[in-house]
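S.K.: Supplied structure: input-v5.txt, compact mmCIF, C-alpha atoms.
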```txt
# COMPACT_ATOMS: atom_id res chain seq x y z
CA MET P 1 91.48 123.59 97.52
CA SER P 2 89.28 123.00 100.51
CA THR P 3 90.24 123.31 104.15
CA ILE P 4 88.43 121.86 107.14
CA LEU P 5 88.90 123.74 110.37
CA VAL P 6 88.44 121.39 113.28
CA ASP P 7 89.90 120.85 116.76
CA ASN P 8 89.74 117.07 116.95
CA LEU P 9 89.87 114.21 114.48
CA THR P 10 88.28 110.92 115.54
CA GLY P 11 87.66 107.74 113.61
CA LYS P 12 83.95 107.26 112.86
CA THR P 13 83.87 103.45 112.89
CA SER P 14 86.74 103.03 115.35
CA ALA P 15 87.73 106.11 117.31
CA GLY P 16 91.44 105.32 117.14
CA SER P 17 91.64 104.56 113.42
CA ILE P 18 91.68 107.08 110.58
CA THR P 19 93.05 106.06 107.20
CA VAL P 20 94.89 108.50 104.98
CA THR P 21 95.88 108.11 101.35
CA SER P 22 99.59 107.99 100.52
CA GLU P 23 101.38 110.87 98.81
CA GLY P 24 101.67 108.86 95.59
CA GLY P 25 98.11 107.57 95.81
CA ALA P 26 99.11 103.92 95.63
CA ALA P 27 98.38 102.98 99.23
CA THR P 28 96.51 103.89 102.37
CA GLN P 29 97.93 103.99 105.86
CA SER P 30 96.82 104.57 109.42
CA LEU P 31 97.17 108.20 110.44
CA GLN P 32 97.48 107.44 114.14
CA GLN P 33 100.19 104.81 113.86
CA GLY P 34 102.55 107.11 112.01
CA LEU P 35 102.45 109.99 114.46
CA ILE P 36 105.25 110.66 116.89
CA LYS P 37 103.85 110.01 120.36
CA VAL P 38 106.59 111.55 122.51
CA TRP P 39 109.41 113.92 121.79
CA ALA P 40 111.58 115.87 124.16
CA SER P 41 114.62 118.10 124.12
CA ILE P 42 116.31 117.63 127.48
CA LYS P 43 119.06 119.60 129.19
CA GLY P 44 121.06 116.72 130.64
CA THR P 45 123.75 118.64 132.52
CA GLY P 46 123.53 120.25 135.96
CA THR P 47 119.94 120.23 137.10
CA VAL P 48 118.28 118.11 134.44
CA SER P 49 115.29 119.81 132.82
CA THR P 50 113.12 119.74 129.72
CA ARG P 51 113.53 122.48 127.11
CA ASP P 52 110.44 121.50 125.12
CA SER P 53 108.40 118.36 124.67
CA VAL P 54 105.18 116.68 123.60
CA ASN P 55 103.48 114.11 125.83
CA GLN P 56 106.29 114.14 128.37
CA SER P 57 105.26 114.78 131.98
CA SER P 58 108.76 114.83 133.48
CA VAL P 59 112.32 113.65 133.06
CA THR P 60 114.15 111.55 135.65
CA ASP P 61 117.87 111.91 136.27
CA HIS P 62 119.30 108.43 137.04
CA GLY P 63 122.83 109.71 137.58
CA THR P 64 125.61 110.42 135.15
CA GLY P 65 124.37 110.20 131.58
CA ALA P 66 121.22 108.21 132.36
CA TYR P 67 117.72 109.58 131.93
CA SER P 68 114.11 108.48 131.72
CA SER P 69 111.49 110.31 129.74
CA ASN P 70 108.16 109.93 131.58
CA PHE P 71 105.04 110.07 129.45
CA THR P 72 101.81 111.94 130.12
CA SER P 73 99.64 109.55 128.08
CA ALA P 74 100.82 105.95 128.34
CA MET P 75 101.76 103.73 125.42
CA SER P 76 99.69 100.56 124.85
CA ASN P 77 102.76 98.32 125.37
CA ASP P 78 106.51 98.54 125.87
CA ASP P 79 107.37 97.44 122.33
CA PHE P 80 107.52 100.92 120.80
CA VAL P 81 110.35 102.50 118.84
CA GLY P 82 112.60 104.84 120.78
CA SER P 83 115.24 107.12 119.31
CA ILE P 84 117.91 108.91 121.30
CA SER P 85 120.45 111.54 120.27
CA ASN P 86 123.48 112.92 122.04
CA THR P 87 125.47 116.13 121.56
CA LEU P 88 129.13 116.41 120.71
CA ASP P 89 130.42 118.80 123.34
CA ASP P 90 134.11 118.43 122.49
CA GLY P 91 134.74 119.47 118.91
CA VAL P 92 138.44 118.59 118.96
CA ASN P 93 138.07 114.91 119.82
CA SER P 94 137.78 112.68 116.78
CA ASN P 95 135.82 109.97 118.57
CA GLY P 96 132.05 110.04 118.37
CA GLN P 97 129.87 110.18 121.44
CA SER P 98 127.46 107.29 121.66
CA SER P 99 123.89 107.21 122.89
CA CYS P 100 121.57 104.27 123.19
CA ILE P 101 118.53 102.70 124.78
CA GLU P 102 119.80 101.57 128.16
CA ASN P 103 119.98 97.82 128.60
CA ASN P 104 121.17 96.86 132.07
CA SER P 105 120.38 94.04 134.43
CA THR P 106 118.15 95.93 136.84
CA ASP P 107 116.03 98.43 134.93
CA PRO P 108 113.63 97.95 132.03
CA GLU P 109 114.56 99.72 128.80
CA PHE P 110 111.01 100.77 128.09
CA THR P 111 107.76 100.62 130.03
CA THR P 112 104.37 101.89 128.89
CA THR P 113 105.12 105.17 130.64
CA THR P 114 108.89 105.60 130.37
CA ALA P 115 111.85 105.32 128.02
CA ARG P 116 115.27 104.96 129.63
CA VAL P 117 118.32 106.11 127.69
CA VAL P 118 122.03 106.73 128.14
CA THR P 119 124.47 109.24 126.68
CA GLU P 120 128.20 108.58 126.66
CA ASN P 121 131.45 110.50 126.27
CA THR P 122 134.22 109.82 123.78
CA ALA P 123 135.66 107.10 126.02
CA TYR P 124 132.17 105.54 126.02
CA ASN P 125 131.51 105.99 129.69
CA ASN P 126 128.18 107.43 130.83
CA ASN P 127 128.33 111.20 130.49
CA ASP P 128 125.85 114.03 130.96
CA SER P 129 124.86 115.61 127.65
CA PRO P 130 123.76 119.25 127.22
CA TYR P 131 121.22 118.29 124.55
CA VAL P 132 119.47 114.93 124.82
CA GLY P 133 116.87 114.21 122.14
CA ILE P 134 114.24 111.51 122.68
CA THR P 135 111.56 110.42 120.20
CA VAL P 136 108.96 107.67 120.64
CA ILE P 137 106.83 106.13 117.89
CA GLY P 138 104.31 103.38 118.52
CA ASP P 139 100.77 102.92 119.76
CA LEU P 140 99.25 104.98 122.55
CA ALA P 141 96.95 103.24 125.01
CA MET L 1 85.45 122.57 120.42
CA SER L 2 84.57 120.71 117.23
CA THR L 3 85.23 117.06 116.43
CA LEU L 4 85.29 115.60 112.94
CA LYS L 5 84.58 111.87 112.78
CA ALA L 6 85.80 110.12 109.66
CA ASP L 7 87.27 106.76 108.70
CA THR L 8 89.29 107.99 105.71
CA ILE L 9 90.60 111.42 104.88
CA GLN L 10 91.61 112.39 101.34
CA ASN L 11 92.08 115.65 99.53
CA THR L 12 89.48 116.82 97.03
CA SER L 13 91.23 114.90 94.25
CA GLY L 14 91.32 111.65 96.19
CA GLY L 15 94.99 111.95 97.08
CA ALA L 16 96.97 112.61 100.23
CA VAL L 17 95.56 115.19 102.58
CA THR L 18 97.77 117.97 103.89
CA LEU L 19 98.08 118.05 107.68
CA THR L 20 99.34 121.53 108.48
CA LYS L 21 102.98 121.39 109.56
CA GLN L 22 102.65 117.70 110.46
CA SER L 23 104.39 114.63 109.10
CA ALA L 24 103.89 111.00 110.00
CA ALA L 25 106.33 108.10 110.09
CA LYS L 26 105.77 105.70 107.21
CA PHE L 27 107.47 102.70 108.76
CA TRP L 28 108.73 101.72 112.17
CA ILE L 29 109.95 98.57 113.87
CA ASN L 30 111.26 97.34 117.21
CA ILE L 31 112.97 93.99 116.60
CA ASN L 32 115.09 91.69 118.75
CA GLN L 33 117.96 90.69 116.47
CA ILE L 34 119.08 87.93 118.85
CA THR L 35 115.79 86.00 118.87
CA PHE L 36 114.67 87.60 115.58
CA VAL L 37 111.24 88.37 117.03
CA VAL L 38 109.44 91.59 116.14
CA ALA L 39 108.18 93.33 119.27
CA ASP L 40 106.00 95.73 117.29
CA SER L 41 106.00 97.34 113.87
CA PHE L 42 104.10 99.46 111.39
CA ASN L 43 104.08 98.95 107.58
CA ASN L 44 106.45 96.00 107.96
CA SER L 45 105.84 92.90 105.82
CA SER L 46 108.85 90.72 106.62
CA ASN L 47 112.43 90.75 107.86
CA THR L 48 115.60 88.97 106.82
CA ASP L 49 118.46 87.96 109.09
CA ASP L 50 121.52 88.89 107.02
CA GLY L 51 124.02 87.73 109.64
CA ALA L 52 125.29 88.99 112.97
CA GLY L 53 123.94 92.50 113.54
CA LEU L 54 122.56 92.76 110.01
CA THR L 55 118.82 92.93 109.30
CA THR L 56 116.75 93.86 106.26
CA CYS L 57 113.21 95.08 106.90
CA SER L 58 110.67 95.11 104.06
CA PHE L 59 107.68 97.43 103.75
CA VAL L 60 104.04 96.54 103.03
CA SER L 61 103.52 99.81 101.14
CA SER L 62 106.55 101.06 99.24
CA MET L 63 108.13 104.46 99.53
CA ASN L 64 107.84 106.81 96.54
CA ASN L 65 111.61 106.94 96.07
CA SER L 66 114.76 105.95 97.96
CA ASP L 67 115.50 109.46 99.20
CA TYR L 68 113.49 109.19 102.41
CA ASN L 69 114.75 109.90 105.90
CA PHE L 70 115.83 106.90 107.92
CA SER L 71 116.91 106.66 111.54
CA ALA L 72 117.88 103.77 113.81
CA ASN L 73 118.92 103.19 117.39
CA ARG L 74 119.83 100.13 119.36
CA SER L 75 119.95 99.08 122.99
CA GLY L 76 123.26 98.54 124.72
CA ASN L 77 124.63 97.20 127.96
CA THR L 78 126.06 100.39 129.37
CA GLY L 79 128.00 98.76 132.20
CA ASN L 80 131.23 98.94 130.23
CA THR L 81 133.16 101.32 128.00
CA ASN L 82 131.40 100.51 124.74
CA GLY L 83 129.59 102.85 122.43
CA PHE L 84 126.58 101.72 120.41
CA LEU L 85 125.44 102.45 116.89
CA ALA L 86 122.74 101.35 114.48
CA GLU L 87 123.19 102.61 110.95
CA ARG L 88 121.81 102.24 107.45
CA THR L 89 123.65 99.94 105.07
CA SER L 90 121.18 100.39 102.21
CA GLN L 91 117.69 101.65 101.52
CA THR L 92 115.35 101.03 98.58
CA THR L 93 111.71 101.89 97.96
CA SER L 94 110.68 98.58 99.50
CA SER L 95 113.17 97.90 102.29
CA ILE L 96 115.91 99.13 104.57
CA SER L 97 119.01 97.27 105.70
CA VAL L 98 120.45 98.06 109.10
CA SER L 99 123.76 97.27 110.76
CA SER L 100 123.95 97.13 114.55
CA LYS L 101 127.35 97.77 116.11
CA PHE L 102 129.22 98.30 119.33
CA PHE L 103 132.67 99.82 119.64
CA ASP L 104 135.34 101.23 121.89
CA THR L 105 138.16 103.64 121.14
CA SER L 106 140.14 101.07 119.15
CA SER L 107 137.74 98.63 117.52
CA ILE L 108 134.21 98.21 116.23
CA SER L 109 132.11 95.05 116.01
CA VAL L 110 128.88 94.18 114.23
CA ALA L 111 126.59 92.25 116.56
CA ASP L 112 122.94 91.50 117.31
CA THR L 113 121.08 93.57 119.88
CA SER L 114 117.98 92.88 121.93
CA ALA L 115 116.21 96.02 120.71
CA LEU L 116 116.85 97.48 117.28
CA CYS L 117 114.55 100.42 116.62
CA ALA L 118 114.20 101.97 113.16
CA SER L 119 111.81 104.35 111.41
CA THR L 120 111.38 106.16 108.11
CA HIS L 121 109.92 109.52 107.14
CA GLY L 122 109.16 110.54 103.58
CA ASP L 123 106.56 109.97 100.87
CA LEU L 124 104.78 106.70 100.20
CA ALA L 125 104.24 105.58 96.61
```
What would you get if you wrote out this structure as structure tokens?
M.R.:
Amino acid sequence: MSTILVDNLTGKTSAGSITVTSEGGAATQSLQQGLIKVWASIKGTGTVSTRDSVNQSSVTDHGTGAYSSNFTSAMSNDDFVGSISNTLDDGVNSNGQSSCIENNSTDPEFTTTTARVVTENTAYNNNDSPYVGITVIGDLA
Amino acid sequence: MSTLKADTIQNTSGGAVTLTKQSAAKFWININQITFVVADSFNNSSNTDDGAGLTTCSFVSSMNNSDYNFSANRSGNTGNTNGFLAERTSQTTSSISVSSKFFDTSSISVADTSALCASTHGDLA
């Protein structure tokens, strides 16, 4: 087994493109395109704050249950994949608590530098969540 | 600081290289189920409209088995008392099928959404 110790990996022909072989050896795939570009664990109650994150510069509190994750390095477009998770803070209620990418008439769901999400309570109204998880996969600029 | 420039990285046997404590997504897609237009994707060959809220996404490179991790989210108009859910209906080595839903405390409906986001993590074939 050989190990290369290095601080940065850059494509030789194209700086943003490194190909890796699949686990089964049957295919190759872009290394960069598979990497998670933003993740954040957000405290969404009280004074909203970030517990830990990668490539998130700040979080914006848009009011009850509505948040934007603001990116340090921008995405190349607003067509990326965003995942959002909520936390069940009432263990006795049988209804689930929804979370989703926010789609309203005034604010964009995603921009190259933000992802806007919503967490809801068991009546499916906007509701602050103690643990908000956000993940973004796509292409960085 | 050192920088390694390479176009392809393999292990010494020509197989998959180990990235210490790192894992990459093997497939992802952002698709508008209403217009059935793909906003962006990775390792996606084609998609099938299986009816309202139902979409099957096929992979270019297959997964090694059907035990991989799959996650999905959808967008929702949050100006009402609906909850929103995107969930797996089936997964094979070459595709995933996703159901997009909205619900309230008494009913649930399968319906298209403007942004269905899905991704997989696991081993490629």
S.K.: With all atoms listed in the file considered, list every residue of chain P at most 8 Å from chain L, as a ChimeraX atom specification.
M.R.: /P:1-2,6-15,17-27,31,33-36,79-84,95,97-104,109,118,120,122-126,137-138
S.K.: Quick one: residues within 10 Å of P:Thr111, only C-alpha atoms counted, chain neighbours fewer than 5 positions away excluded, as a list in words?
M.R.: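 The contact residues come out as Asn70, Phe71, Ala74, Met75, Ser76, Asn77, Asp78, Asp79, Phe80 and Arg116 of chain P.
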S.K.: Using only C-alpha atoms, which of L:Gln91, L:Phe36, L:Ala111, L:Ser66 sits nearest L:Ala52?
M.R.: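 Residue with the minimum atom-to-atom distance to L:Ala52: L:Ala111.
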S.K.: Around (118.9, 89.7, 108.3), as given in the file, which residues come within 12 Å? Count only C-alpha atoms and list them as a PDB file with C-alpha atoms, keeping the file's coordinate frame.
M.R.:
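File produced: result_4.pdb:
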```
ATOM      1  CA  ILE L  31     112.970  93.990 116.600  1.00  0.00           C
ATOM      2  CA  ASN L  32     115.090  91.690 118.750  1.00  0.00           C
ATOM      3  CA  GLN L  33     117.960  90.690 116.470  1.00  0.00           C
ATOM      4  CA  ILE L  34     119.080  87.930 118.850  1.00  0.00           C
ATOM      5  CA  THR L  35     115.790  86.000 118.870  1.00  0.00           C
ATOM      6  CA  PHE L  36     114.670  87.600 115.580  1.00  0.00           C
ATOM      7  CA  VAL L  37     111.240  88.370 117.030  1.00  0.00           C
ATOM      8  CA  SER L  46     108.850  90.720 106.620  1.00  0.00           C
ATOM      9  CA  ASN L  47     112.430  90.750 107.860  1.00  0.00           C
ATOM     10  CA  THR L  48     115.600  88.970 106.820  1.00  0.00           C
ATOM     11  CA  ASP L  49     118.460  87.960 109.090  1.00  0.00           C
ATOM     12  CA  ASP L  50     121.520  88.890 107.020  1.00  0.00           C
ATOM     13  CA  GLY L  51     124.020  87.730 109.640  1.00  0.00           C
ATOM     14  CA  ALA L  52     125.290  88.990 112.970  1.00  0.00           C
ATOM     15  CA  GLY L  53     123.940  92.500 113.540  1.00  0.00           C
ATOM     16  CA  LEU L  54     122.560  92.760 110.010  1.00  0.00           C
ATOM     17  CA  THR L  55     118.820  92.930 109.300  1.00  0.00           C
ATOM     18  CA  THR L  56     116.750  93.860 106.260  1.00  0.00           C
ATOM     19  CA  CYS L  57     113.210  95.080 106.900  1.00  0.00           C
ATOM     20  CA  SER L  58     110.670  95.110 104.060  1.00  0.00           C
ATOM     21  CA  THR L  89     123.650  99.940 105.070  1.00  0.00           C
ATOM     22  CA  SER L  95     113.170  97.900 102.290  1.00  0.00           C
ATOM     23  CA  ILE L  96     115.910  99.130 104.570  1.00  0.00           C
ATOM     24  CA  SER L  97     119.010  97.270 105.700  1.00  0.00           C
ATOM     25  CA  VAL L  98     120.450  98.060 109.100  1.00  0.00           C
ATOM     26  CA  SER L  99     123.760  97.270 110.760  1.00  0.00           C
ATOM     27  CA  SER L 100     123.950  97.130 114.550  1.00  0.00           C
ATOM     28  CA  ALA L 111     126.590  92.250 116.560  1.00  0.00           C
ATOM     29  CA  ASP L 112     122.940  91.500 117.310  1.00  0.00           C
TER      30      ASP L 112
END
```
S.K.: Show which residues sit within 6 Å of P:Val38, as a PyMOL selection string. Count all atoms listed in the file, and ignore same-chain residues fewer than 3 positions away.
M.R.: chain P and resi 54-55+135-136
S.K.: Give me, please, the distance in Å between atom CA of L:Leu19 and atom CA of L:Ser45, quoted to one decimal.
M.R.: 26.4 Å
S.K.: Can you tell me how far atom CA of P:Thr114 sits from atom CA of L:Thr20, in Å to one decimal?
M.R.: 28.7 Å
S.K.: Grab the atom CA of P:Asn121 to atom CA of P:Ser57 distance for me, in Å with one decimal place.
M.R.: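 It comes out at 27.1 Å.
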S.K.: Would you mind telling me which residue in L:Phe70, L:Asn44, L:Ser107, L:Lys21 lies nearest to L:Ser90 when using all atoms listed in the file?
M.R.: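 Closest to L:Ser90, using all atoms listed in the file: L:Phe70.
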